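Reviewing the structure listed below.
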Amino acid sequence: MQENKRGSWGSNFGFLMAAIGSAVGLGNIWGFPYKMGKNGGFAFLIIYLLLVVFVGIAIMLGELALGRKTGLAAVGAYGEFSKKHKWVGYLGVISAFVILAFYCVLGGMVMRYMMGFLLQILGLDSFVGQGSGFFGFLLYDHGGMLFFFGLFMIINMLIVAGGVQKGIERFSMVGMPALFVILLFVVVFVAFQPGAIEGYKFMLKPNLDVFSNPEIGFLGVLKAAAGQMFFSLSLGMGAMITYGSYLSKKENLQRNALIIPFADTLIAVLAGFAVMPACAAFGVDYGGGPGLLFVSMHTVFEKMGNFGAFVGFLFYFLVFIAAVTSSISLLEVCTANRVDKAIAKGKEPNRKKITFIYGAIIFIVGLPVALDALGSGGSAIKAPYEILGITAGDVAAGFRVWNDCWLDLYDAFSEGVLMPLGALFMSFLIGWKYKPSTVFDECEQNGNKFRGKLFFTLCFKFVVPVAMLFVLWGQVKDFFF
Ligand code: PHE
């Protein structure tokens, strides 16, 4: 299909690869296993799955439909219904900005680990053997952090500047199948390590003990799973509106809205099957939190012996692809709005220029994230808690997850506030203002009959808003109490 000025997908498969690519990211391979590790394994998995079915699929469908119906990215799409609703789209753009700022720093760190194992394989460096010490070094190696952050950002800019079909779709069509194959290889390889079985048991053996843990409890698990769910599905900030806007009316929207969450969840569970048993086999703790992807997995590959460096390289390469196909969708959210604006004014959109300007601004916004040593203290840039004069670890004085480093602050603001707000307003608007039939009609454009109208109506009107209010409340509580 010929691309128009805005751009369009070449095929439904290409769209699916790009959309699944957006969904599958650090959220799946890093966030999902570590949050599951902290929140009781099986219990977290069950709640997560329920949330995908009752909340995630509806938001996915709503966003894709808004995008395809209007043929515009987030701001323009809401603007089509009413000028007064445009700010919901802007919320999404701000979200994309904030997420990208920390996401690309993490992407850079992933590249650094990938490079480390590659140099090891080539016999140019001894990455294996540095253990967790490497992570400590990396955090204070400001030059290295900036270099890899910048490099990751540039890769993103080049792909997005290439256009919807020739940049994003082309990269995703190669990257996503490769990711899947590598992930399967790692899962199978890990399965043969002695002791791996404990990792599967942790995930699959019915165990709800965490609900009676006073520090986490049912509500704690629910909040963690809900935040994770729509971060992982790229919902609540306009990415799926934007990607939906490039989709042809011929395609089956309802089926696509099921395939994307299904694939995303499958890959998150597979990532769990790679990480949890690997940690179990090599005696590495999986409840340790965010360090799981870097410190713990690095240790796992070290202990793996001869093959370790090779499997380690493959693993970080896979994470790298996952991260890029997600971050380009975030950058596209920003770029697409400007492209739409230019077209609305009758001008020729300069996609390349727009992309590079956004990339540069986001790099600047991300600097504190790259330079505060993730809150380890005494770094080039002070972490939020240091600026607030709070002692590290002093919970009574207000030390919290959101202020322990810039990354967590950006994350709390986007995942905890902006995204649930975005999803809340979207479902409210669809449920009560535009009416669910707007979505159903859009889905029936290609002639197929929409199924489950009652279910989705209930989701838009009640289930999603209530779930989002709940996530917001959890975050606000975290900020102030
Ligand atoms: N879904 C991506 C992940 O799991 C992150 C993301 C969020 C991408 C929002 C785009 C939009 O890592």
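Labeling convention for the structure tokens: chains A, B, ... as they appear, residues from 1 per chain, ligands from 1 in order of appearance.
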For this session: Could the residues that lie within 9 Å of ligand 1, counting only C-alpha atoms and all ligand atoms, be listed as a PyMOL selection string?
Result: chain A and resi 20-32+95-96+99-100+103+228-240+264+268+322-323+325-331+333+415+419
Problem set entry | Long-range neighbours of A:Met114 as a ChimeraX atom specification, 6 Å cut-off, only C-alpha atoms, 4 positions minimum in chain | /A:313,316-317
Output file for the residues above (all heavy atoms, as a PDB file, in the first residue's frame):
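Printed below is again.pdb as written:
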```pdb
ATOM      1  N   PHE A 313      24.740 -12.705  25.843  1.00  0.00           N
ATOM      2  CA  PHE A 313      24.662 -11.766  24.727  1.00  0.00           C
ATOM      3  C   PHE A 313      23.287 -11.862  24.049  1.00  0.00           C
ATOM      4  O   PHE A 313      22.621 -10.857  23.814  1.00  0.00           O
ATOM      5  CB  PHE A 313      25.761 -12.030  23.705  1.00  0.00           C
ATOM      6  CG  PHE A 313      25.548 -11.289  22.426  1.00  0.00           C
ATOM      7  CD1 PHE A 313      25.740  -9.916  22.372  1.00  0.00           C
ATOM      8  CD2 PHE A 313      25.120 -11.949  21.282  1.00  0.00           C
ATOM      9  CE1 PHE A 313      25.509  -9.213  21.196  1.00  0.00           C
ATOM     10  CE2 PHE A 313      24.892 -11.252  20.103  1.00  0.00           C
ATOM     11  CZ  PHE A 313      25.084  -9.889  20.054  1.00  0.00           C
ATOM     12  N   TYR A 316      20.523 -10.247  26.235  1.00  0.00           N
ATOM     13  CA  TYR A 316      20.473  -8.782  26.228  1.00  0.00           C
ATOM     14  C   TYR A 316      20.142  -8.236  24.835  1.00  0.00           C
ATOM     15  O   TYR A 316      19.557  -7.164  24.706  1.00  0.00           O
ATOM     16  CB  TYR A 316      21.760  -8.174  26.790  1.00  0.00           C
ATOM     17  CG  TYR A 316      21.824  -8.337  28.296  1.00  0.00           C
ATOM     18  CD1 TYR A 316      22.658  -9.277  28.881  1.00  0.00           C
ATOM     19  CD2 TYR A 316      20.995  -7.586  29.132  1.00  0.00           C
ATOM     20  CE1 TYR A 316      22.682  -9.454  30.265  1.00  0.00           C
ATOM     21  CE2 TYR A 316      21.006  -7.754  30.509  1.00  0.00           C
ATOM     22  CZ  TYR A 316      21.849  -8.684  31.064  1.00  0.00           C
ATOM     23  OH  TYR A 316      21.857  -8.860  32.424  1.00  0.00           O
ATOM     24  N   PHE A 317      20.482  -8.966  23.815  1.00  0.00           N
ATOM     25  CA  PHE A 317      20.117  -8.555  22.460  1.00  0.00           C
ATOM     26  C   PHE A 317      18.593  -8.572  22.317  1.00  0.00           C
ATOM     27  O   PHE A 317      17.968  -7.662  21.772  1.00  0.00           O
ATOM     28  CB  PHE A 317      20.772  -9.501  21.436  1.00  0.00           C
ATOM     29  CG  PHE A 317      20.435  -9.167  20.013  1.00  0.00           C
ATOM     30  CD1 PHE A 317      20.723  -7.917  19.482  1.00  0.00           C
ATOM     31  CD2 PHE A 317      19.820 -10.104  19.189  1.00  0.00           C
ATOM     32  CE1 PHE A 317      20.414  -7.605  18.170  1.00  0.00           C
ATOM     33  CE2 PHE A 317      19.500  -9.794  17.876  1.00  0.00           C
ATOM     34  CZ  PHE A 317      19.795  -8.541  17.371  1.00  0.00           C
TER      35      PHE A 317
END
```
Problem set entry | Å distance separating atom CA of A:Leu293 from atom CA of A:Ala224, one decimal place | 17.9 Å
Exercise. What's the 9 Å shell around A:Met304, counting only C-alpha atoms, without same-chain residues fewer than 6 positions away, as a ChimeraX atom specification?
Worked result: /A:193,282,311
Problem set entry | Test item: residues at most 12 Å from A:Val210, only C-alpha atoms, excluding those fewer than 3 positions along its chain, as an MDAnalysis selection string | chainID A and resid 36:44 206:207 213:222
For the residues selected in the previous step, produce a file with N, CA, C and O atoms as a PDB file, in the first residue's frame.
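This went into again-v7.pdb:
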```pdb
ATOM      1  N   MET A  36       6.622  -9.757  39.704  1.00  0.00           N
ATOM      2  CA  MET A  36       6.083 -11.054  40.113  1.00  0.00           C
ATOM      3  C   MET A  36       6.927 -11.604  41.266  1.00  0.00           C
ATOM      4  O   MET A  36       6.394 -12.153  42.227  1.00  0.00           O
ATOM      5  N   GLY A  37       8.238 -11.418  41.169  1.00  0.00           N
ATOM      6  CA  GLY A  37       9.136 -11.903  42.221  1.00  0.00           C
ATOM      7  C   GLY A  37       8.838 -11.261  43.561  1.00  0.00           C
ATOM      8  O   GLY A  37       8.914 -11.885  44.613  1.00  0.00           O
ATOM      9  N   LYS A  38       8.477  -9.975  43.518  1.00  0.00           N
ATOM     10  CA  LYS A  38       8.225  -9.254  44.767  1.00  0.00           C
ATOM     11  C   LYS A  38       6.815  -9.465  45.288  1.00  0.00           C
ATOM     12  O   LYS A  38       6.538  -9.228  46.453  1.00  0.00           O
ATOM     13  N   ASN A  39       5.902  -9.839  44.392  1.00  0.00           N
ATOM     14  CA  ASN A  39       4.491  -9.882  44.782  1.00  0.00           C
ATOM     15  C   ASN A  39       3.897 -11.282  44.769  1.00  0.00           C
ATOM     16  O   ASN A  39       2.751 -11.485  44.361  1.00  0.00           O
ATOM     17  N   GLY A  40       4.668 -12.228  45.203  1.00  0.00           N
ATOM     18  CA  GLY A  40       4.104 -13.549  45.476  1.00  0.00           C
ATOM     19  C   GLY A  40       3.936 -14.492  44.297  1.00  0.00           C
ATOM     20  O   GLY A  40       3.170 -15.448  44.397  1.00  0.00           O
ATOM     21  N   GLY A  41       4.605 -14.247  43.181  1.00  0.00           N
ATOM     22  CA  GLY A  41       4.582 -15.218  42.086  1.00  0.00           C
ATOM     23  C   GLY A  41       3.191 -15.533  41.569  1.00  0.00           C
ATOM     24  O   GLY A  41       2.550 -14.718  40.894  1.00  0.00           O
ATOM     25  N   PHE A  42       2.697 -16.695  41.882  1.00  0.00           N
ATOM     26  CA  PHE A  42       1.420 -17.182  41.363  1.00  0.00           C
ATOM     27  C   PHE A  42       0.280 -16.169  41.577  1.00  0.00           C
ATOM     28  O   PHE A  42      -0.504 -15.900  40.661  1.00  0.00           O
ATOM     29  N   ALA A  43       0.201 -15.623  42.785  1.00  0.00           N
ATOM     30  CA  ALA A  43      -0.900 -14.698  43.101  1.00  0.00           C
ATOM     31  C   ALA A  43      -0.890 -13.510  42.136  1.00  0.00           C
ATOM     32  O   ALA A  43      -1.929 -13.092  41.603  1.00  0.00           O
ATOM     33  N   PHE A  44       0.301 -12.989  41.888  1.00  0.00           N
ATOM     34  CA  PHE A  44       0.451 -11.858  40.982  1.00  0.00           C
ATOM     35  C   PHE A  44       0.028 -12.250  39.559  1.00  0.00           C
ATOM     36  O   PHE A  44      -0.706 -11.521  38.887  1.00  0.00           O
ATOM     37  N   PRO A 206      -0.202 -22.966  42.956  1.00  0.00           N
ATOM     38  CA  PRO A 206      -1.137 -22.093  43.658  1.00  0.00           C
ATOM     39  C   PRO A 206      -0.644 -21.756  45.065  1.00  0.00           C
ATOM     40  O   PRO A 206      -0.345 -22.644  45.846  1.00  0.00           O
ATOM     41  N   ASN A 207      -0.515 -20.461  45.312  1.00  0.00           N
ATOM     42  CA  ASN A 207      -0.001 -20.008  46.592  1.00  0.00           C
ATOM     43  C   ASN A 207      -0.406 -18.540  46.745  1.00  0.00           C
ATOM     44  O   ASN A 207       0.006 -17.693  45.969  1.00  0.00           O
ATOM     45  N   ASN A 213       0.494 -11.115  53.718  1.00  0.00           N
ATOM     46  CA  ASN A 213       1.694 -10.365  54.081  1.00  0.00           C
ATOM     47  C   ASN A 213       1.289  -8.898  54.324  1.00  0.00           C
ATOM     48  O   ASN A 213       0.823  -8.221  53.422  1.00  0.00           O
ATOM     49  N   PRO A 214       1.444  -8.423  55.558  1.00  0.00           N
ATOM     50  CA  PRO A 214       0.914  -7.088  55.883  1.00  0.00           C
ATOM     51  C   PRO A 214       1.519  -5.975  55.036  1.00  0.00           C
ATOM     52  O   PRO A 214       0.883  -4.935  54.807  1.00  0.00           O
ATOM     53  N   GLU A 215       2.724  -6.163  54.552  1.00  0.00           N
ATOM     54  CA  GLU A 215       3.345  -5.085  53.788  1.00  0.00           C
ATOM     55  C   GLU A 215       2.847  -5.020  52.341  1.00  0.00           C
ATOM     56  O   GLU A 215       2.946  -3.988  51.690  1.00  0.00           O
ATOM     57  N   ILE A 216       2.327  -6.120  51.833  1.00  0.00           N
ATOM     58  CA  ILE A 216       1.862  -6.110  50.448  1.00  0.00           C
ATOM     59  C   ILE A 216       0.347  -6.309  50.416  1.00  0.00           C
ATOM     60  O   ILE A 216      -0.394  -5.391  50.093  1.00  0.00           O
ATOM     61  N   GLY A 217      -0.125  -7.491  50.769  1.00  0.00           N
ATOM     62  CA  GLY A 217      -1.564  -7.723  50.842  1.00  0.00           C
ATOM     63  C   GLY A 217      -2.221  -7.767  49.471  1.00  0.00           C
ATOM     64  O   GLY A 217      -1.584  -7.524  48.445  1.00  0.00           O
ATOM     65  N   PHE A 218      -3.511  -8.065  49.466  1.00  0.00           N
ATOM     66  CA  PHE A 218      -4.245  -8.169  48.210  1.00  0.00           C
ATOM     67  C   PHE A 218      -4.187  -6.855  47.430  1.00  0.00           C
ATOM     68  O   PHE A 218      -3.923  -6.823  46.234  1.00  0.00           O
ATOM     69  N   LEU A 219      -4.408  -5.743  48.133  1.00  0.00           N
ATOM     70  CA  LEU A 219      -4.441  -4.456  47.437  1.00  0.00           C
ATOM     71  C   LEU A 219      -3.083  -4.092  46.852  1.00  0.00           C
ATOM     72  O   LEU A 219      -2.996  -3.515  45.771  1.00  0.00           O
ATOM     73  N   GLY A 220      -2.036  -4.442  47.571  1.00  0.00           N
ATOM     74  CA  GLY A 220      -0.685  -4.172  47.072  1.00  0.00           C
ATOM     75  C   GLY A 220      -0.429  -4.921  45.776  1.00  0.00           C
ATOM     76  O   GLY A 220       0.120  -4.368  44.815  1.00  0.00           O
ATOM     77  N   VAL A 221      -0.844  -6.196  45.742  1.00  0.00           N
ATOM     78  CA  VAL A 221      -0.644  -7.002  44.535  1.00  0.00           C
ATOM     79  C   VAL A 221      -1.479  -6.425  43.395  1.00  0.00           C
ATOM     80  O   VAL A 221      -1.018  -6.282  42.259  1.00  0.00           O
ATOM     81  N   LEU A 222      -2.716  -6.055  43.713  1.00  0.00           N
ATOM     82  CA  LEU A 222      -3.613  -5.519  42.690  1.00  0.00           C
ATOM     83  C   LEU A 222      -3.039  -4.238  42.077  1.00  0.00           C
ATOM     84  O   LEU A 222      -3.040  -4.057  40.855  1.00  0.00           O
TER      85      LEU A 222
END
```
For this session: Find the residues around A:Val300 up to 9 Å (only C-alpha atoms counted), leave out those fewer than 3 positions away in its own chain, and share them as a list of chain:residue names.
Result: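 Close residues of A:Val300: A:Ala278, A:Cys279, A:Ala281, A:Phe282, A:Gly283, A:Val284, A:Val295, A:Ser296, A:Met297, A:Lys303, A:Met304, A:Gly308, A:Gly312.
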Problem set entry | Residues of stretch 106-296 of chain A in alpha helix (DSSP H), written as a ChimeraX atom specification | /A:106-121,133-140,142-161,170-191,197-204,217-232,239-244,253-281,295-296
Problem set entry | Polymer residues at most 12 Å from A:Ile364, only C-alpha atoms, same-chain spacing of 3 or more positions, as JSON, numbers by chain | {"A": [97, 98, 100, 101, 102, 104, 105, 146, 149, 150, 153, 357, 358, 359, 360, 361, 367, 368, 369, 370, 371]}
Seminar exercise, completed: note - atom CA of A:Glu198 and atom CA of A:Tyr286 are separated by 11.3 Å
Exercise. What lies within 10 Å of A:Arg451 using only C-alpha atoms, ignoring chain neighbours under 6 positions off, as a VMD selection string?
Worked result: chain A and resid 254 440 443 to 444
Using the selection just defined, write its residues with N, CA, C and O atoms as a PDB file, in the first residue's frame.
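Output contents, as saved in part.pdb:
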```
ATOM      1  N   GLN A 254     -11.339  -5.740  15.985  1.00  0.00           N
ATOM      2  CA  GLN A 254     -11.622  -6.471  17.224  1.00  0.00           C
ATOM      3  C   GLN A 254     -10.639  -7.638  17.405  1.00  0.00           C
ATOM      4  O   GLN A 254     -10.148  -7.884  18.501  1.00  0.00           O
ATOM      5  N   PHE A 440     -17.911   0.224  18.515  1.00  0.00           N
ATOM      6  CA  PHE A 440     -18.453  -0.950  17.831  1.00  0.00           C
ATOM      7  C   PHE A 440     -18.618  -0.678  16.335  1.00  0.00           C
ATOM      8  O   PHE A 440     -18.285  -1.518  15.505  1.00  0.00           O
ATOM      9  N   CYS A 443     -15.428  -0.832  14.565  1.00  0.00           N
ATOM     10  CA  CYS A 443     -14.951  -2.210  14.400  1.00  0.00           C
ATOM     11  C   CYS A 443     -15.700  -2.935  13.286  1.00  0.00           C
ATOM     12  O   CYS A 443     -15.189  -3.900  12.715  1.00  0.00           O
ATOM     13  N   GLU A 444     -16.918  -2.485  13.015  1.00  0.00           N
ATOM     14  CA  GLU A 444     -17.708  -3.181  12.001  1.00  0.00           C
ATOM     15  C   GLU A 444     -17.476  -2.634  10.594  1.00  0.00           C
ATOM     16  O   GLU A 444     -18.090  -3.098   9.625  1.00  0.00           O
TER      17      GLU A 444
END
```
For this session: Compare A:Pro33, A:Gly447, A:Ser212, A:Lys433 by their minimum atom-to-atom distance to A:Phe273, counting only C-alpha atoms, and give me the closest one.
Result: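 With only C-alpha atoms as the atom set, the closest residue is A:Pro33.
Distance-wise, atom CA of A:Gly162 and atom CA of A:Ala77 end up 23.2 Å apart.
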